[in-house]
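A short worksheet on the structure shown next.
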Amino acid sequence: MTPAPYSYRDNPAVPAFGDSRPVFIFDHVCVLCSGGVSFIMKHDHKGTIAFTPAQGELGSALCQHFGIDWDESYVFIRNGRAFIKSTGYFEVARALGGWWRLGLVFQIIPRPLRDWAYDMIARNRYRWFGKTAEACALLTPEQRARLL
């Protein structure tokens with residue numbers, strides 16, 4: 001069963017945070033994941049998306065609340081709901097707006113096929129792209145300031 005939107009607000013295990021913006025939860029030791037965060041930040045000129053590492057207190061608590069294994073997918077929380085894998089990227093495009101919404105055309109690809117490709121990359125991300133003690137260090141100081 002999917003939790004109701006914003007139900008994390010009533011969960012004492014989830015630290016309080018400003019949820020007026022969507023939140024992108026990512027693996028902060030994964031070089032690919034931090035690179036993706038950097039890319040989104042670079043194109044999110046209005047600062048509409050907040051970010052938090054899955055290994056941190058907030059990210060971990062939100063993943064547990066939604067029953068999502070962060071090692072299998074990042075999590076994008078928008079309007080109090082959690083989105084993962086390929087569907088999450090379409091929500092990111094919606095949140096970014098503008099020309100990024102053109103990417104929504106790829107929703108014509110069946111979700112099982114999109115998620116199969118996502119899963120294959122996720123399973124091999126450390127081998128193909130590497131990992132560090134804290135890939136967040138790859139972010140600029142301005143980008144790190146956007147982390148919750």
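Labeling convention for the structure tokens: chains A, B, ... as they appear, residues from 1 per chain, ligands from 1 in order of appearance.
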
What's the 7 Å shell around stretch 79-92 of chain A, counting only C-alpha atoms, without same-chain residues fewer than 2 positions away, as a PyMOL selection string? chain A and resi 5-6+22+73-77+94-96+104+114-115+118

Please write the residues from the selection above to a file, keeping all heavy atoms, as a compact mmCIF listing (two decimals), in the first residue's frame.
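Result saved to selection-v1.txt:
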```txt
# COMPACT_ATOMS: atom_id res chain seq x y z
N PRO A 5 -0.15 11.00 0.49
CA PRO A 5 0.73 12.15 0.32
C PRO A 5 0.96 12.89 1.64
O PRO A 5 0.03 13.06 2.43
CB PRO A 5 -0.02 13.04 -0.68
CG PRO A 5 -0.87 12.07 -1.45
CD PRO A 5 -1.27 11.02 -0.45
N TYR A 6 2.17 13.29 1.86
CA TYR A 6 2.61 14.03 3.04
C TYR A 6 2.45 13.25 4.35
O TYR A 6 2.56 13.82 5.42
CB TYR A 6 1.88 15.37 3.16
CG TYR A 6 2.16 16.30 2.00
CD1 TYR A 6 1.21 16.48 0.99
CD2 TYR A 6 3.36 16.98 1.91
CE1 TYR A 6 1.47 17.32 -0.08
CE2 TYR A 6 3.63 17.82 0.85
CZ TYR A 6 2.68 17.99 -0.15
OH TYR A 6 2.93 18.83 -1.21
N PRO A 22 10.21 20.04 -4.07
CA PRO A 22 10.48 18.61 -4.24
C PRO A 22 11.86 18.28 -3.68
O PRO A 22 12.74 19.15 -3.62
CB PRO A 22 10.46 18.40 -5.75
CG PRO A 22 9.78 19.60 -6.32
CD PRO A 22 10.01 20.71 -5.36
N SER A 73 17.31 2.45 -5.95
CA SER A 73 16.82 3.60 -6.70
C SER A 73 16.98 4.87 -5.88
O SER A 73 16.91 4.84 -4.65
CB SER A 73 15.34 3.43 -7.06
OG SER A 73 14.85 4.56 -7.76
N TYR A 74 17.17 5.97 -6.58
CA TYR A 74 17.05 7.26 -5.92
C TYR A 74 15.56 7.45 -5.63
O TYR A 74 14.71 6.69 -6.11
CB TYR A 74 17.59 8.38 -6.83
CG TYR A 74 16.67 8.63 -7.98
CD1 TYR A 74 15.72 9.63 -7.90
CD2 TYR A 74 16.70 7.82 -9.11
CE1 TYR A 74 14.82 9.82 -8.94
CE2 TYR A 74 15.82 8.01 -10.14
CZ TYR A 74 14.87 9.01 -10.05
OH TYR A 74 13.98 9.19 -11.07
N VAL A 75 15.21 8.48 -4.88
CA VAL A 75 13.81 8.77 -4.60
C VAL A 75 13.59 10.26 -4.86
O VAL A 75 14.39 11.10 -4.43
CB VAL A 75 13.45 8.45 -3.12
CG1 VAL A 75 11.98 8.73 -2.85
CG2 VAL A 75 13.81 7.02 -2.77
N PHE A 76 12.52 10.57 -5.56
CA PHE A 76 12.15 11.96 -5.81
C PHE A 76 10.79 12.18 -5.17
O PHE A 76 9.81 11.52 -5.54
CB PHE A 76 12.10 12.24 -7.32
CG PHE A 76 11.89 13.69 -7.65
CD1 PHE A 76 12.81 14.65 -7.28
CD2 PHE A 76 10.77 14.10 -8.35
CE1 PHE A 76 12.63 15.99 -7.60
CE2 PHE A 76 10.58 15.43 -8.68
CZ PHE A 76 11.51 16.38 -8.31
N ILE A 77 10.75 13.07 -4.20
CA ILE A 77 9.49 13.34 -3.49
C ILE A 77 8.95 14.67 -3.99
O ILE A 77 9.61 15.70 -3.91
CB ILE A 77 9.70 13.37 -1.96
CG1 ILE A 77 10.19 12.00 -1.51
CG2 ILE A 77 8.41 13.76 -1.26
CD1 ILE A 77 10.56 11.92 -0.07
N ARG A 94 9.12 17.42 -15.02
CA ARG A 94 7.96 18.27 -14.73
C ARG A 94 8.33 19.40 -13.77
O ARG A 94 7.91 20.54 -13.93
CB ARG A 94 6.83 17.44 -14.14
CG ARG A 94 6.05 16.64 -15.14
CD ARG A 94 4.85 15.94 -14.48
NE ARG A 94 4.16 15.12 -15.45
CZ ARG A 94 4.44 13.84 -15.70
NH1 ARG A 94 5.39 13.22 -15.02
NH2 ARG A 94 3.76 13.18 -16.62
N ALA A 95 9.11 19.06 -12.74
CA ALA A 95 9.50 20.07 -11.75
C ALA A 95 10.40 21.14 -12.36
O ALA A 95 10.29 22.32 -12.03
CB ALA A 95 10.20 19.40 -10.57
N LEU A 96 11.30 20.73 -13.27
CA LEU A 96 12.19 21.69 -13.92
C LEU A 96 11.42 22.58 -14.89
O LEU A 96 11.77 23.74 -15.09
CB LEU A 96 13.33 20.98 -14.65
CG LEU A 96 14.37 20.31 -13.76
CD1 LEU A 96 15.36 19.52 -14.62
CD2 LEU A 96 15.10 21.33 -12.90
N LEU A 104 9.20 14.25 -21.54
CA LEU A 104 8.04 13.44 -21.15
C LEU A 104 7.54 12.57 -22.30
O LEU A 104 6.84 11.59 -22.07
CB LEU A 104 6.91 14.33 -20.62
CG LEU A 104 7.25 15.14 -19.37
CD1 LEU A 104 6.10 16.07 -19.00
CD2 LEU A 104 7.59 14.22 -18.21
N ARG A 114 11.69 0.72 -19.46
CA ARG A 114 12.47 1.84 -18.92
C ARG A 114 13.12 1.45 -17.60
O ARG A 114 14.30 1.74 -17.37
CB ARG A 114 11.56 3.05 -18.66
CG ARG A 114 10.94 3.66 -19.88
CD ARG A 114 10.20 4.95 -19.55
NE ARG A 114 9.50 5.00 -18.28
CZ ARG A 114 8.18 5.09 -18.13
NH1 ARG A 114 7.39 5.10 -19.19
NH2 ARG A 114 7.64 5.16 -16.92
N ASP A 115 12.36 0.80 -16.72
CA ASP A 115 12.90 0.43 -15.41
C ASP A 115 13.92 -0.70 -15.50
O ASP A 115 14.83 -0.78 -14.69
CB ASP A 115 11.77 0.07 -14.45
CG ASP A 115 11.02 1.30 -13.97
OD1 ASP A 115 11.50 2.44 -14.19
OD2 ASP A 115 9.95 1.13 -13.35
N TYR A 118 17.03 1.10 -16.24
CA TYR A 118 17.45 1.79 -15.02
C TYR A 118 18.11 0.79 -14.06
O TYR A 118 19.18 1.06 -13.51
CB TYR A 118 16.25 2.47 -14.33
CG TYR A 118 16.67 3.15 -13.06
CD1 TYR A 118 17.03 4.49 -13.08
CD2 TYR A 118 16.76 2.45 -11.86
CE1 TYR A 118 17.46 5.11 -11.91
CE2 TYR A 118 17.19 3.07 -10.71
CZ TYR A 118 17.54 4.39 -10.74
OH TYR A 118 17.98 4.99 -9.59
```

Taking only stretch 13-57 of chain A into account, list the residues labelled strand (DSSP E) by DSSP (computed from the backbone), as a PyMOL selection string. chain A and resi 23-26+50-53

Would you mind exporting the chosen residues as an mmCIF file, in the first residue's frame, restricted to all heavy atoms?
```cif
data_model
loop_
_atom_site.group_PDB
_atom_site.id
_atom_site.type_symbol
_atom_site.label_atom_id
_atom_site.label_comp_id
_atom_site.auth_asym_id
_atom_site.auth_seq_id
_atom_site.Cartn_x
_atom_site.Cartn_y
_atom_site.Cartn_z
ATOM 1 N N VAL A 23 12.046 17.040 -3.244
ATOM 2 C CA VAL A 23 13.317 16.592 -2.669
ATOM 3 C C VAL A 23 13.838 15.393 -3.450
ATOM 4 O O VAL A 23 13.107 14.424 -3.655
ATOM 5 C CB VAL A 23 13.152 16.211 -1.181
ATOM 6 C CG1 VAL A 23 14.469 15.709 -0.607
ATOM 7 C CG2 VAL A 23 12.634 17.382 -0.377
ATOM 8 N N PHE A 24 15.093 15.463 -3.854
ATOM 9 C CA PHE A 24 15.766 14.385 -4.585
ATOM 10 C C PHE A 24 16.704 13.699 -3.599
ATOM 11 O O PHE A 24 17.617 14.328 -3.075
ATOM 12 C CB PHE A 24 16.550 14.988 -5.756
ATOM 13 C CG PHE A 24 17.050 13.997 -6.754
ATOM 14 C CD1 PHE A 24 16.343 13.758 -7.921
ATOM 15 C CD2 PHE A 24 18.236 13.309 -6.554
ATOM 16 C CE1 PHE A 24 16.815 12.856 -8.865
ATOM 17 C CE2 PHE A 24 18.710 12.403 -7.476
ATOM 18 C CZ PHE A 24 17.991 12.172 -8.647
ATOM 19 N N ILE A 25 16.454 12.416 -3.324
ATOM 20 C CA ILE A 25 17.270 11.631 -2.390
ATOM 21 C C ILE A 25 18.188 10.734 -3.215
ATOM 22 O O ILE A 25 17.706 9.970 -4.058
ATOM 23 C CB ILE A 25 16.385 10.781 -1.462
ATOM 24 C CG1 ILE A 25 15.396 11.672 -0.702
ATOM 25 C CG2 ILE A 25 17.235 9.966 -0.499
ATOM 26 C CD1 ILE A 25 14.306 10.900 0.021
ATOM 27 N N PHE A 26 19.492 10.810 -2.957
ATOM 28 C CA PHE A 26 20.450 10.099 -3.808
ATOM 29 C C PHE A 26 21.551 9.442 -2.986
ATOM 30 O O PHE A 26 21.815 9.826 -1.849
ATOM 31 C CB PHE A 26 21.062 11.072 -4.827
ATOM 32 C CG PHE A 26 21.898 12.144 -4.174
ATOM 33 C CD1 PHE A 26 23.280 12.050 -4.171
ATOM 34 C CD2 PHE A 26 21.316 13.234 -3.547
ATOM 35 C CE1 PHE A 26 24.063 13.025 -3.563
ATOM 36 C CE2 PHE A 26 22.096 14.212 -2.940
ATOM 37 C CZ PHE A 26 23.462 14.105 -2.936
ATOM 38 N N ALA A 50 15.200 20.487 -3.898
ATOM 39 C CA ALA A 50 16.147 20.317 -2.790
ATOM 40 C C ALA A 50 16.753 18.919 -2.909
ATOM 41 O O ALA A 50 16.190 18.044 -3.581
ATOM 42 C CB ALA A 50 15.434 20.481 -1.455
ATOM 43 N N PHE A 51 17.878 18.705 -2.253
ATOM 44 C CA PHE A 51 18.585 17.433 -2.351
ATOM 45 C C PHE A 51 19.022 16.978 -0.976
ATOM 46 O O PHE A 51 19.366 17.801 -0.130
ATOM 47 C CB PHE A 51 19.815 17.585 -3.258
ATOM 48 C CG PHE A 51 19.478 18.055 -4.635
ATOM 49 C CD1 PHE A 51 19.326 19.404 -4.908
ATOM 50 C CD2 PHE A 51 19.300 17.146 -5.661
ATOM 51 C CE1 PHE A 51 18.993 19.848 -6.181
ATOM 52 C CE2 PHE A 51 18.969 17.577 -6.934
ATOM 53 C CZ PHE A 51 18.812 18.930 -7.189
ATOM 54 N N THR A 52 19.048 15.653 -0.783
ATOM 55 C CA THR A 52 19.562 15.097 0.464
ATOM 56 C C THR A 52 20.122 13.709 0.188
ATOM 57 O O THR A 52 19.576 12.966 -0.627
ATOM 58 C CB THR A 52 18.480 15.064 1.571
ATOM 59 O OG1 THR A 52 19.096 14.795 2.821
ATOM 60 C CG2 THR A 52 17.411 14.034 1.298
ATOM 61 N N PRO A 53 21.230 13.364 0.829
ATOM 62 C CA PRO A 53 21.808 12.035 0.615
ATOM 63 C C PRO A 53 20.967 10.943 1.295
ATOM 64 O O PRO A 53 20.427 11.153 2.388
ATOM 65 C CB PRO A 53 23.194 12.128 1.233
ATOM 66 C CG PRO A 53 23.167 13.312 2.131
ATOM 67 C CD PRO A 53 22.088 14.213 1.659
#
```

Do you know which residues are at most 10 Å from stretch 27-30 of chain A counting only C-alpha atoms, after dropping those on the same chain fewer than 3 positions away, and could you put them as a ChimeraX atom specification? /A:33-37,52-56,59,70-75,122,125-126,129-138

Select from chain A everything DSSP, run on the backbone, classes as helix (DSSP H, G or I), then give the selection as an NGL selection string. :A and (7-10 or 31-43 or 57-66 or 85-96 or 98-108 or 111-129 or 135-138 or 141-144)

Expressed in Å to a single decimal, how great is the separation between atom CA of A:Leu102 and atom CA of A:His45? 17.4 Å

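In this model, the gap between atom CA of A:Asp10 and atom CA of A:Ser60 comes to 16.2 Å.
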